[in-house]
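The next block is query_22.cif, given as mmCIF, C-alpha atoms, pLDDT in the B column; chains and numbers go by the auth columns.
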```cif
data_protein
loop_
_atom_site.group_PDB
_atom_site.id
_atom_site.type_symbol
_atom_site.label_atom_id
_atom_site.label_comp_id
_atom_site.label_asym_id
_atom_site.label_seq_id
_atom_site.Cartn_x
_atom_site.Cartn_y
_atom_site.Cartn_z
_atom_site.B_iso_or_equiv
_atom_site.auth_seq_id
_atom_site.auth_asym_id
ATOM 1 C CA MET A 1 5.930 19.117 -4.292 38.00 232 A
ATOM 2 C CA ALA A 2 2.370 18.058 -5.223 40.00 233 A
ATOM 3 C CA GLU A 3 2.710 19.647 -8.672 38.00 234 A
ATOM 4 C CA VAL A 4 5.933 17.716 -9.340 40.00 235 A
ATOM 5 C CA GLU A 5 4.364 14.491 -8.078 46.00 236 A
ATOM 6 C CA ALA A 6 1.326 14.927 -10.323 49.00 237 A
ATOM 7 C CA THR A 7 3.589 14.941 -13.384 62.00 238 A
ATOM 8 C CA GLN A 8 5.129 11.639 -12.247 87.00 239 A
ATOM 9 C CA ALA A 9 1.855 9.728 -12.454 94.00 240 A
ATOM 10 C CA VAL A 10 1.710 6.602 -14.611 94.00 241 A
ATOM 11 C CA ARG A 11 -1.616 5.348 -15.977 93.00 242 A
ATOM 12 C CA PHE A 12 -2.596 1.680 -16.084 93.00 243 A
ATOM 13 C CA GLY A 13 -6.004 1.572 -17.757 90.00 244 A
ATOM 14 C CA ARG A 14 -8.440 3.472 -15.529 91.00 245 A
ATOM 15 C CA THR A 15 -5.936 3.574 -12.639 95.00 246 A
ATOM 16 C CA VAL A 16 -3.412 6.367 -12.159 96.00 247 A
ATOM 17 C CA VAL A 17 -0.482 5.401 -9.933 97.00 248 A
ATOM 18 C CA ARG A 18 1.746 8.100 -8.488 96.00 249 A
ATOM 19 C CA PRO A 19 4.571 8.263 -5.976 97.00 250 A
ATOM 20 C CA VAL A 20 4.257 10.644 -3.040 96.00 251 A
ATOM 21 C CA THR A 21 6.318 11.485 -0.007 94.00 252 A
ATOM 22 C CA GLY A 22 4.881 12.024 3.423 92.00 253 A
ATOM 23 C CA ASP A 23 2.907 10.203 6.063 92.00 254 A
ATOM 24 C CA LEU A 24 0.545 7.430 5.083 93.00 255 A
ATOM 25 C CA VAL A 25 -2.290 8.801 7.258 94.00 256 A
ATOM 26 C CA ASP A 26 -2.155 12.201 5.540 94.00 257 A
ATOM 27 C CA GLN A 27 -2.993 10.923 2.057 96.00 258 A
ATOM 28 C CA PRO A 28 -6.342 11.960 0.493 96.00 259 A
ATOM 29 C CA VAL A 29 -7.629 8.423 -0.151 97.00 260 A
ATOM 30 C CA GLN A 30 -10.504 6.162 0.885 98.00 261 A
ATOM 31 C CA ALA A 31 -8.258 3.453 2.367 98.00 262 A
ATOM 32 C CA ILE A 32 -4.676 2.918 3.427 97.00 263 A
ATOM 33 C CA VAL A 33 -2.630 -0.269 3.557 97.00 264 A
ATOM 34 C CA TYR A 34 0.006 -0.753 6.219 93.00 265 A
ATOM 35 C CA ALA A 35 2.377 -3.566 7.215 93.00 266 A
ATOM 36 C CA ALA A 36 0.794 -5.603 10.012 94.00 267 A
ATOM 37 C CA ASN A 37 1.711 -8.625 12.090 94.00 268 A
ATOM 38 C CA SER A 38 -0.281 -11.784 12.722 95.00 269 A
ATOM 39 C CA ARG A 39 -1.349 -10.617 16.205 94.00 270 A
ATOM 40 C CA GLY A 40 -2.811 -7.296 15.033 94.00 271 A
ATOM 41 C CA VAL A 41 -0.598 -5.366 17.469 93.00 272 A
ATOM 42 C CA MET A 42 0.240 -1.876 16.217 92.00 273 A
ATOM 43 C CA GLY A 43 3.590 -0.820 17.692 82.00 274 A
ATOM 44 C CA ALA A 44 5.961 1.950 16.704 74.00 275 A
ATOM 45 C CA GLY A 45 6.735 3.254 13.223 76.00 276 A
ATOM 46 C CA PRO A 46 4.041 3.462 10.535 79.00 277 A
ATOM 47 C CA ALA A 47 1.662 1.184 12.464 84.00 278 A
ATOM 48 C CA GLY A 48 2.034 3.370 15.542 86.00 279 A
ATOM 49 C CA ALA A 49 1.359 6.461 13.436 89.00 280 A
ATOM 50 C CA VAL A 50 -1.858 4.878 12.136 93.00 281 A
ATOM 51 C CA ARG A 51 -2.927 3.973 15.689 93.00 282 A
ATOM 52 C CA GLN A 52 -2.027 7.409 17.035 93.00 283 A
ATOM 53 C CA ALA A 53 -3.875 9.287 14.287 94.00 284 A
ATOM 54 C CA GLY A 54 -6.851 6.948 14.097 95.00 285 A
ATOM 55 C CA GLY A 55 -7.194 5.921 17.722 95.00 286 A
ATOM 56 C CA PRO A 56 -6.793 2.659 19.648 95.00 287 A
ATOM 57 C CA GLU A 57 -10.072 1.264 18.294 96.00 288 A
ATOM 58 C CA ILE A 58 -8.285 0.321 15.046 96.00 289 A
ATOM 59 C CA GLU A 59 -5.811 -1.863 16.958 95.00 290 A
ATOM 60 C CA ARG A 60 -8.569 -3.298 19.188 96.00 291 A
ATOM 61 C CA GLU A 61 -10.621 -4.288 16.152 96.00 292 A
ATOM 62 C CA ALA A 62 -7.608 -5.958 14.507 96.00 293 A
ATOM 63 C CA MET A 63 -6.513 -7.772 17.684 95.00 294 A
ATOM 64 C CA ALA A 64 -10.052 -9.049 18.300 96.00 295 A
ATOM 65 C CA ALA A 65 -9.947 -10.886 14.961 94.00 296 A
ATOM 66 C CA ALA A 66 -6.350 -12.201 15.359 93.00 297 A
ATOM 67 C CA PRO A 67 -4.395 -14.355 14.796 95.00 298 A
ATOM 68 C CA PHE A 68 -3.931 -13.943 11.057 96.00 299 A
ATOM 69 C CA ASP A 69 -1.985 -15.996 8.551 96.00 300 A
ATOM 70 C CA LEU A 70 1.052 -14.431 6.923 96.00 301 A
ATOM 71 C CA GLY A 71 0.351 -13.121 3.443 96.00 302 A
ATOM 72 C CA THR A 72 -3.264 -12.232 4.182 97.00 303 A
ATOM 73 C CA ALA A 73 -5.019 -8.910 4.774 98.00 304 A
ATOM 74 C CA ILE A 74 -7.855 -7.797 7.001 96.00 305 A
ATOM 75 C CA MET A 75 -9.848 -4.600 6.958 97.00 306 A
ATOM 76 C CA THR A 76 -10.872 -2.508 9.938 97.00 307 A
ATOM 77 C CA GLY A 77 -12.577 0.804 10.424 97.00 308 A
ATOM 78 C CA SER A 78 -10.519 3.971 10.315 97.00 309 A
ATOM 79 C CA GLY A 79 -11.371 5.395 13.737 96.00 310 A
ATOM 80 C CA ARG A 80 -10.759 9.139 13.968 96.00 311 A
ATOM 81 C CA LEU A 81 -9.263 9.072 10.452 96.00 312 A
ATOM 82 C CA ALA A 82 -12.835 8.970 9.149 96.00 313 A
ATOM 83 C CA GLY A 83 -12.860 12.719 9.770 94.00 314 A
ATOM 84 C CA ARG A 84 -10.222 12.995 7.023 92.00 315 A
ATOM 85 C CA GLY A 85 -12.323 10.974 4.576 94.00 316 A
ATOM 86 C CA LEU A 86 -10.510 7.698 5.240 96.00 317 A
ATOM 87 C CA GLU A 87 -13.020 4.838 5.280 97.00 318 A
ATOM 88 C CA ALA A 88 -10.838 1.844 6.144 98.00 319 A
ATOM 89 C CA VAL A 89 -7.439 0.592 7.193 97.00 320 A
ATOM 90 C CA ILE A 90 -6.228 -2.537 5.410 98.00 321 A
ATOM 91 C CA HIS A 91 -3.805 -4.540 7.550 97.00 322 A
ATOM 92 C CA ALA A 92 -1.419 -6.441 5.232 97.00 323 A
ATOM 93 C CA VAL A 93 -0.003 -9.255 7.373 96.00 324 A
ATOM 94 C CA VAL A 94 3.705 -9.415 6.533 95.00 325 A
ATOM 95 C CA ALA A 95 5.303 -10.453 9.865 92.00 326 A
ATOM 96 C CA PRO A 96 4.492 -13.047 12.532 91.00 327 A
ATOM 97 C CA HIS A 97 5.096 -10.753 15.499 87.00 328 A
ATOM 98 C CA LEU A 98 5.688 -7.087 16.197 83.00 329 A
ATOM 99 C CA GLY A 99 9.218 -6.146 15.120 80.00 330 A
ATOM 100 C CA ASP A 100 9.918 -9.383 13.212 83.00 331 A
ATOM 101 C CA ALA A 101 11.715 -9.177 9.889 83.00 332 A
ATOM 102 C CA THR A 102 9.599 -9.536 6.761 88.00 333 A
ATOM 103 C CA GLU A 103 10.151 -11.767 3.757 90.00 334 A
ATOM 104 C CA LEU A 104 9.354 -10.580 0.239 92.00 335 A
ATOM 105 C CA PRO A 105 7.025 -13.515 -0.629 94.00 336 A
ATOM 106 C CA GLU A 106 4.786 -12.632 2.357 95.00 337 A
ATOM 107 C CA VAL A 107 4.849 -8.952 1.385 95.00 338 A
ATOM 108 C CA ARG A 108 3.736 -9.840 -2.148 96.00 339 A
ATOM 109 C CA ARG A 109 0.938 -12.146 -0.974 97.00 340 A
ATOM 110 C CA ALA A 110 -0.277 -9.680 1.657 97.00 341 A
ATOM 111 C CA LEU A 111 -0.339 -6.828 -0.859 98.00 342 A
ATOM 112 C CA ALA A 112 -2.285 -8.972 -3.332 97.00 343 A
ATOM 113 C CA ALA A 113 -4.779 -9.764 -0.543 98.00 344 A
ATOM 114 C CA ALA A 114 -5.007 -6.064 0.400 98.00 345 A
ATOM 115 C CA LEU A 115 -5.736 -5.096 -3.208 97.00 346 A
ATOM 116 C CA ARG A 116 -8.483 -7.732 -3.413 96.00 347 A
ATOM 117 C CA ALA A 117 -9.952 -6.368 -0.160 97.00 348 A
ATOM 118 C CA ALA A 118 -9.945 -2.835 -1.582 97.00 349 A
ATOM 119 C CA ASP A 119 -11.778 -4.063 -4.677 95.00 350 A
ATOM 120 C CA THR A 120 -14.312 -5.945 -2.557 94.00 351 A
ATOM 121 C CA ARG A 121 -15.263 -2.627 -0.962 95.00 352 A
ATOM 122 C CA ARG A 122 -15.119 -0.914 -4.380 95.00 353 A
ATOM 123 C CA PHE A 123 -12.677 1.710 -3.220 97.00 354 A
ATOM 124 C CA ARG A 124 -11.568 4.202 -5.839 97.00 355 A
ATOM 125 C CA SER A 125 -8.456 5.476 -4.061 98.00 356 A
ATOM 126 C CA LEU A 126 -5.783 3.712 -2.027 98.00 357 A
ATOM 127 C CA ALA A 127 -2.402 4.544 -0.468 97.00 358 A
ATOM 128 C CA ILE A 128 0.305 1.893 -0.130 97.00 359 A
ATOM 129 C CA PRO A 129 3.581 2.406 1.771 95.00 360 A
ATOM 130 C CA LEU A 130 6.806 0.527 1.068 93.00 361 A
ATOM 131 C CA LEU A 131 5.429 -2.521 2.875 92.00 362 A
ATOM 132 C CA GLY A 132 7.885 -4.364 5.084 83.00 363 A
ATOM 133 C CA SER A 133 10.671 -1.850 4.484 85.00 364 A
ATOM 134 C CA ARG A 134 12.419 -0.913 7.731 80.00 365 A
ATOM 135 C CA SER A 135 13.343 2.682 8.489 76.00 366 A
ATOM 136 C CA GLU A 136 17.037 1.816 8.255 81.00 367 A
ATOM 137 C CA ALA A 137 16.671 0.096 4.857 84.00 368 A
ATOM 138 C CA THR A 138 19.241 1.106 2.265 87.00 369 A
ATOM 139 C CA ALA A 139 18.213 2.601 -1.071 86.00 370 A
ATOM 140 C CA ALA A 140 18.976 -0.767 -2.699 89.00 371 A
ATOM 141 C CA GLU A 141 16.711 -2.580 -0.243 90.00 372 A
ATOM 142 C CA ARG A 142 13.936 -0.052 -0.801 90.00 373 A
ATOM 143 C CA ALA A 143 14.357 -0.542 -4.563 92.00 374 A
ATOM 144 C CA VAL A 144 13.676 -4.267 -4.165 93.00 375 A
ATOM 145 C CA THR A 145 10.541 -3.471 -2.155 94.00 376 A
ATOM 146 C CA VAL A 146 9.384 -0.929 -4.747 95.00 377 A
ATOM 147 C CA GLU A 147 9.810 -3.475 -7.559 96.00 378 A
ATOM 148 C CA ALA A 148 7.774 -6.063 -5.652 96.00 379 A
ATOM 149 C CA ILE A 149 4.981 -3.572 -4.875 96.00 380 A
ATOM 150 C CA VAL A 150 4.804 -2.319 -8.460 97.00 381 A
ATOM 151 C CA GLU A 151 4.812 -5.860 -9.882 95.00 382 A
ATOM 152 C CA GLU A 152 1.973 -6.984 -7.575 96.00 383 A
ATOM 153 C CA LEU A 153 -0.041 -3.827 -8.205 96.00 384 A
ATOM 154 C CA VAL A 154 0.276 -4.055 -11.992 95.00 385 A
ATOM 155 C CA ALA A 155 -0.503 -7.789 -11.970 93.00 386 A
ATOM 156 C CA HIS A 156 -3.642 -7.062 -9.945 95.00 387 A
ATOM 157 C CA LEU A 157 -4.749 -4.259 -12.264 93.00 388 A
ATOM 158 C CA ARG A 158 -4.216 -6.479 -15.315 90.00 389 A
ATOM 159 C CA ARG A 159 -6.273 -9.424 -14.083 81.00 390 A
ATOM 160 C CA ALA A 160 -8.957 -7.754 -11.979 68.00 391 A
ATOM 161 C CA ASP A 161 -11.882 -5.565 -12.819 82.00 392 A
ATOM 162 C CA SER A 162 -10.598 -3.033 -10.329 87.00 393 A
ATOM 163 C CA ARG A 163 -12.500 0.147 -9.523 91.00 394 A
ATOM 164 C CA LEU A 164 -9.334 1.819 -8.298 95.00 395 A
ATOM 165 C CA GLU A 165 -8.843 5.142 -10.024 96.00 396 A
ATOM 166 C CA SER A 166 -5.944 6.432 -7.925 97.00 397 A
ATOM 167 C CA VAL A 167 -3.190 4.543 -6.115 98.00 398 A
ATOM 168 C CA LEU A 168 -0.496 6.398 -4.195 97.00 399 A
ATOM 169 C CA ILE A 169 2.783 4.675 -3.399 97.00 400 A
ATOM 170 C CA VAL A 170 3.974 6.477 -0.286 95.00 401 A
ATOM 171 C CA SER A 171 7.575 6.819 0.859 92.00 402 A
ATOM 172 C CA ARG A 172 9.150 8.919 3.563 87.00 403 A
ATOM 173 C CA PHE A 173 12.129 9.705 1.340 87.00 404 A
ATOM 174 C CA ASP A 174 12.093 12.202 -1.547 90.00 405 A
ATOM 175 C CA ASP A 175 14.897 10.215 -3.177 88.00 406 A
ATOM 176 C CA ASP A 176 12.508 7.282 -3.656 92.00 407 A
ATOM 177 C CA LEU A 177 10.185 9.204 -6.004 93.00 408 A
ATOM 178 C CA ALA A 178 12.413 8.763 -9.056 93.00 409 A
ATOM 179 C CA MET A 179 12.935 5.090 -8.222 94.00 410 A
ATOM 180 C CA ILE A 180 9.173 4.500 -7.979 96.00 411 A
ATOM 181 C CA VAL A 181 8.483 6.354 -11.242 95.00 412 A
ATOM 182 C CA ASP A 182 11.213 4.355 -12.983 95.00 413 A
ATOM 183 C CA SER A 183 9.726 1.079 -11.748 95.00 414 A
ATOM 184 C CA LEU A 184 6.207 2.132 -12.793 95.00 415 A
ATOM 185 C CA THR A 185 7.390 3.274 -16.226 93.00 416 A
ATOM 186 C CA ARG A 186 9.254 0.010 -16.849 93.00 417 A
ATOM 187 C CA ALA A 187 6.222 -2.007 -15.711 93.00 418 A
ATOM 188 C CA ARG A 188 4.010 -0.061 -18.097 92.00 419 A
ATOM 189 C CA GLN A 189 6.384 -0.605 -21.032 89.00 420 A
ATOM 190 C CA ARG A 190 6.934 -4.266 -20.189 86.00 421 A
ATOM 191 C CA SER A 191 3.489 -5.533 -19.391 76.00 422 A
ATOM 192 C CA TRP A 192 0.696 -3.097 -20.123 69.00 423 A
ATOM 193 C CA THR A 193 -1.151 -2.685 -23.392 60.00 424 A
ATOM 194 C CA ASP A 194 -4.175 -0.471 -23.775 49.00 425 A
ATOM 195 C CA LEU A 195 -7.164 -1.961 -25.471 43.00 426 A
ATOM 196 C CA ALA A 196 -8.039 0.965 -27.679 39.00 427 A
#
```

Could I get this structure in the form of structure tokens?
Amino acid sequence: MAEVEATQAVRFGRTVVRPVTGDLVDQPVQAIVYAANSRGVMGAGPAGAVRQAGGPEIEREAMAAAPFDLGTAIMTGSGRLAGRGLEAVIHAVVAPHLGDATELPEVRRALAAALRAADTRRFRSLAIPLLGSRSEATAAERAVTVEAIVEELVAHLRRADSRLESVLIVSRFDDDLAMIVDSLTRARQRSWTDLA
């Protein structure tokens, strides 16, 4: 699978963006972004997986700084995930409370804030899940989320002096890989010009 995914990478200046399937916490990056709530509580699903793999100190650190405004992002340590090379967890605040539905404008703003946070720390690699996408989301709903993530990421890379060299867009579904590549390819054709 990794060989196939490597061929699906799309370059935006110095940054290579590629889709991958798997768990967010298993990605070989310096920081991960996950969908958080304004209270910093990490329940089930992807947030629970981050807490389980990294330890309760990640949640404690986030909750100690709460409450957070929707559309913002905060950074915490990575707990036990530091042993895997992960330096930080970026909590993108997309919902008011645990289990609440997310709205696309908050997802976009929170992702933009998370990307700025990653650049503040000068990270070179980052993994982003399909933020705010529920496990029961249809392919069409995931496609809308993918478009929003790609648009925000490309807009950030165009206007910022980002040090990001590698960004992984992580999905749990193999079927999403082609959709992510298609969105990245269209974004590159539509809005990216190399200064060469």

From A:Ala296, A:Val385, A:Val241, A:Ala332, residue lying nearest A:Arg365 [only C-alpha atoms]: A:Ala332

First collect every listed atom of stretch 262-274 of chain A; then fit an axis-aligned box around them, widen it by 8 Å on each side, and give centre and edge lengths in Å to one decimal, as JSON.
```
{"center_x": -2.3, "center_y": -4.2, "center_z": 10.0, "size_x": 27.8, "size_y": 31.2, "size_z": 31.3}
```

Separation of atom CA of A:Ala297 from atom CA of A:Arg340, in Å and rounded to one decimal: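 These atoms are spaced 17.9 Å apart.
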
Exercise: A:Gly316 partners within 12 Å, only C-alpha atoms, chain neighbours under 5 positions left out, as a ChimeraX atom specification: /A:256-263,285,308-311,356-357

Please, could you write that set of residues out with C-alpha atoms as a PDB file, in the frame of the given file?
```pdb
ATOM      1  CA  VAL A 256      -2.290   8.801   7.258  1.00 94.00           C
ATOM      2  CA  ASP A 257      -2.155  12.201   5.540  1.00 94.00           C
ATOM      3  CA  GLN A 258      -2.993  10.923   2.057  1.00 96.00           C
ATOM      4  CA  PRO A 259      -6.342  11.960   0.493  1.00 96.00           C
ATOM      5  CA  VAL A 260      -7.629   8.423  -0.151  1.00 97.00           C
ATOM      6  CA  GLN A 261     -10.504   6.162   0.885  1.00 98.00           C
ATOM      7  CA  ALA A 262      -8.258   3.453   2.367  1.00 98.00           C
ATOM      8  CA  ILE A 263      -4.676   2.918   3.427  1.00 97.00           C
ATOM      9  CA  GLY A 285      -6.851   6.948  14.097  1.00 95.00           C
ATOM     10  CA  GLY A 308     -12.577   0.804  10.424  1.00 97.00           C
ATOM     11  CA  SER A 309     -10.519   3.971  10.315  1.00 97.00           C
ATOM     12  CA  GLY A 310     -11.371   5.395  13.737  1.00 96.00           C
ATOM     13  CA  ARG A 311     -10.759   9.139  13.968  1.00 96.00           C
ATOM     14  CA  SER A 356      -8.456   5.476  -4.061  1.00 98.00           C
ATOM     15  CA  LEU A 357      -5.783   3.712  -2.027  1.00 98.00           C
TER      16      LEU A 357
END
```

Option closest in space to A:Ala418, from A:Met294, A:Ile359, A:Val248, A:Leu329 [counting all atoms listed in the file]: A:Val248

Selection: 6 Å around A:Thr303, all atoms listed in the file, excl. self and same-chain fewer than 5 positions, as a list in words: Val324, Ala341 and Ala344 of chain A

Would you save the residues from that selection as an mmCIF file, in the frame of the given file, using C-alpha atoms?
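What ended up in part.cif:
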```cif
data_model
loop_
_atom_site.group_PDB
_atom_site.id
_atom_site.type_symbol
_atom_site.label_atom_id
_atom_site.label_comp_id
_atom_site.auth_asym_id
_atom_site.auth_seq_id
_atom_site.Cartn_x
_atom_site.Cartn_y
_atom_site.Cartn_z
ATOM 1 C CA VAL A 324 -0.003 -9.255 7.373
ATOM 2 C CA ALA A 341 -0.277 -9.680 1.657
ATOM 3 C CA ALA A 344 -4.779 -9.764 -0.543
#
```

Expansion of the PyMOL selection byres ((chain A and resi 270) around 9) into residues, as a PyMOL selection string: chain A and resi 267-269+271-273+293-294+296-299+327-329

Length of the atom CA of A:Val412 to atom CA of A:Pro277 vector [Å]: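 Computing it gives 22.4 Å between the two atoms.
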
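Among the candidates A:Arg291, A:Arg355, A:Asp331, A:Gly286, the residue lying nearest to A:Gly314 is A:Gly286 (atoms considered: all atoms listed in the file).
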
Point-to-point distance in Å for atom CA of A:Arg245 and atom CA of A:Arg394: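 Interatomic distance, atom CA of A:Arg394 to atom CA of A:Arg245: 8.0 Å.
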
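Residues matching the PyMOL selection byres ((chain A and resi 265) around 7) in this structure come to Ile263, Val264, Ala266, Ala267, Ala278, Ile321, His322, Ala323, Ile359, Pro360 and Leu362 of chain A.
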
Residues matched by the PyMOL selection byres ((chain A and resi 247) around 9) as a PyMOL selection string: chain A and resi 240-246+248-249+395-399

Selection: 8 Å around A:Glu334, all atoms listed in the file, excl. self and same-chain fewer than 4 positions, as a list of chain:residue names: A:Val325, A:Ala326, A:Val338, A:Gly363

Among the residues A:Ala371, A:Ala409, A:Leu312, A:Ala345, the one that comes closest to A:Pro287 [using all atoms listed in the file]: A:Leu312

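Distances from A:Glu383, A:Glu290, A:Asp300, A:Asp392 to A:Leu335 were compared using only C-alpha atoms, and the smallest one belongs to A:Glu383.
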